[in-house]
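Peer 1: One structure is given below, represented as structure tokens, and several questions about it will come after.
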Amino acid sequence: MGADRDRHQFDVLMLPHMAAAYNLAQWLTGSPDDASDVVQESYLRAIKFFDSYRGGAARAWLLTIVRNTSLNWLTQKRNQKTEPLPEPGNDEDGAGQEIIDAKADPEFDLIQKQAAATMDQLIEALPVVYREVIILREIEELSYKEIAEVIGMPIGTVMSRLARARKAILQHWNRSAEGRAIK
Amino acid sequence: MNCKDIAQLQHAYVDQELDPANTRAFAEHLAACPSCAKQLAELSAFRKTIKTQATRYAPPPGLYDKIARLKAAYGTTIAPPSKKWLPLQWGSAGAGLALAACLAFFMVVRPNSEYMLEQQLIASHIRSLQDNHLTDVISTDQHTVKPWFNGRLDVSPPVTDFSASGFPLVGGRLDYVDRHSVAVIVYRYNAHVINLFVWPAGRLHIGIESLAAQQGYNIRHWYDGDLQFWVVSDVNPAKLAEFENLYRGQNK
């Protein structure tokens, strides 16, 4: 009976969040195939470590695993290509600094020339540390506290990254508004 | 609060992450400062743009089954849940064990936060009756109450007067639930006050519908579009259900 209940608990708590898990994985890995693999691996870890789940927001707990699995996946992939992961830097300073990096991303360069980027393209162009807070807040609607738990950072960092990410997207969005109007 | 504070806190404000005191101070500044109000409106609008324009990637059709199979293979080896969920000692008589299992299950599907939320809604309802704080805007005119919420909150709840059906509109107020500002639309049924709380659907994570009678009050809860609704009153459950149907029907 005990095992039945545990199995049922896992189903009730963790399975409903598969859509959120997949969405985050695809945004972080940038590929549907990688996202499917990451989600499966994440659920496997969630099953293994379910006894360390201490109640509270099940979605945040699962997304923490998905996020870490995605970043590991990215690190492995980038190591093969010998490209470093984007560093968060000290995001409390230099609030006006450009965080959508046009140079590092040729595709983004192209977007600027077209002057009509879609929202998806702008979010994709963000370094992963900013992209993840945008996805968790704007699409998955997690609270700051939950986001802090998922990314393993203080709430203040969540707030400052979110502010900078929104500011960066807004700037580029307005800049490309003209291009969209012409289209 | 000055304009510099506003610029710094605006993200926390639109995310409803400010504490009640700061939320109030923030809202007061906005009401008095058109330039900050404009900036905030722009930020709120842009958040909606992000939300509507950004893709939420959907998992491929077979993935759910794959994970279910994955779990089935592991199913029997899942460790027991943390002791936190178990309010009673295991190992007592069979009946006690069954009761503990039921309680543990009950607590899992009905998280503590939801119970706390209901407590807060009831507390707010009681406060509204006692302190002469029932309404911030007193009006039986829906065209006065609805615009009053605009600019004070990022939700614009539907407001309809149901006098003809016995539920006259009394007014509206801002309240604070779970550290967030929420809209409250106030109705009456005879001598009974009905408080209808409204806030964005995704903000608090409430799992299941609740019709629990608590401390003699009745609560109903539903979602509609982007909003969620909680209605608290001491009118009888049938009347409250009638009110819900009326409200949901009128605002379709």
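Chain labels run A, B, ... following the order of the structure tokens; each chain numbers its residues from 1, and ligands are numbered from 1 in the order shown.
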Up to 6 Å from chain B, what residues of chain A turn up? Count only C-alpha atoms and give them as a list of chain:residue names.
Peer 2: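 So the contacting residues turn out to be A:Tyr22, A:Asn23, A:Asp51, A:Arg54, A:Met119, A:Asp120, A:Glu138.
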Peer 1: Could you take the residues named above and write them with C-alpha atoms, as a JSON list (two decimals), in the first residue's frame?
Peer 2:
```
[["chain", "number", "residue", "atom", "x", "y", "z"],
["A", 22, "TYR", "CA", 9.33, 20.64, -21.65],
["A", 23, "ASN", "CA", 8.85, 24.35, -22.37],
["A", 51, "ASP", "CA", 12.33, 11.21, -1.21],
["A", 54, "ARG", "CA", 10.02, 18.23, 1.21],
["A", 119, "MET", "CA", 9.56, 38.04, -29.49],
["A", 120, "ASP", "CA", 10.89, 34.47, -29.65],
["A", 138, "GLU", "CA", 6.55, 35.53, -18.02]]
```
Peer 1: From the list A:Leu24, A:Val38, A:Asn72, A:Arg59, which residue is nearest A:Val12 when using only C-alpha atoms?
Peer 2: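 That would be A:Arg59, the residue with the smallest distance to A:Val12.
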Peer 1: Take atom CA of A:Leu13 and atom CA of B:Phe229 and report the distance between them in Å, one decimal.
Peer 2: 23.7 Å
Peer 1: Extract, using only C-alpha atoms, all DNA, RNA and protein residues at most 12 Å from A:Thr69, discarding same-chain residues fewer than 3 positions from it, and format them as a ChimeraX atom specification.
Peer 2: /A:21-22,24-26,28-29,34-46,62-66,72-76,150-151
Peer 1: Have a look at B:Gln39, B:Asn236, B:Thr135, B:Asn190 and name the one nearest to B:Ser163; count only C-alpha atoms.
Peer 2: B:Asn190
Peer 1: Work out how far atom CA of B:Ala45 is from atom CA of B:Asn2, in Å to one decimal.
Peer 2: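 Atom CA of B:Ala45 lies at a distance of 22.4 Å from atom CA of B:Asn2.
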Peer 1: If I take atom CA of A:Phe50 and atom CA of A:Ser143, how far is one from the other in Å, to one decimal?
Peer 2: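 Result for atom CA of A:Phe50 versus atom CA of A:Ser143: 22.5 Å, one decimal.
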Peer 1: Which residue out of A:Ile169, A:Ile47, A:Ala117, A:Ala60 has the minimum interatomic distance to A:Leu136 when only C-alpha atoms are used?
Peer 2: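 Result for the nearest residue to A:Leu136: A:Ala60.
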Peer 1: Just want the 7 Å neighbourhood of B:Val235, counted on only C-alpha atoms, with same-chain residues fewer than 3 positions away dropped. Output as a PyMOL selection string.
Peer 2: chain B and resi 192+239-240
Peer 1: Could you give me, as a VMD selection string, the residues within 12 Å of B:Asp19, counting only C-alpha atoms and dropping anything in the same chain fewer than 6 positions from it?
Peer 2: chain B and resid 9 12 to 13 25 to 26 176 to 181
Peer 1: Between B:Val155, B:Ala37, B:Ala21, B:Ala241, which one has atoms that come closest to B:Val182, using only C-alpha atoms?
Peer 2: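 Of the candidates, the smallest distance to B:Val182 is held by B:Val155.
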Peer 1: Considering only helix (DSSP H, G or I) as DSSP defines it on the backbone, what residues of stretch 5-78 of chain B qualify? List them as a ChimeraX atom specification.
Peer 2: /B:5-14,20-32,34-53,63-77
Peer 1: I'd like the contact shell of B:Tyr189 - 8 Å cut-off, only C-alpha atoms, skipping same-chain residues fewer than 5 positions apart - returned as a PDB file with C-alpha atoms, in the first residue's frame.
Peer 2:
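Now in out_33.pdb:
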```pdb
ATOM      1  CA  GLY B 166     -31.343  40.404  -5.337  1.00  0.00           C
ATOM      2  CA  PHE B 167     -27.574  40.980  -5.289  1.00  0.00           C
ATOM      3  CA  PRO B 168     -27.069  44.766  -5.476  1.00  0.00           C
ATOM      4  CA  ILE B 194     -20.566  39.247  -0.346  1.00  0.00           C
ATOM      5  CA  VAL B 235     -25.006  33.603   2.789  1.00  0.00           C
TER       6      VAL B 235
END
```
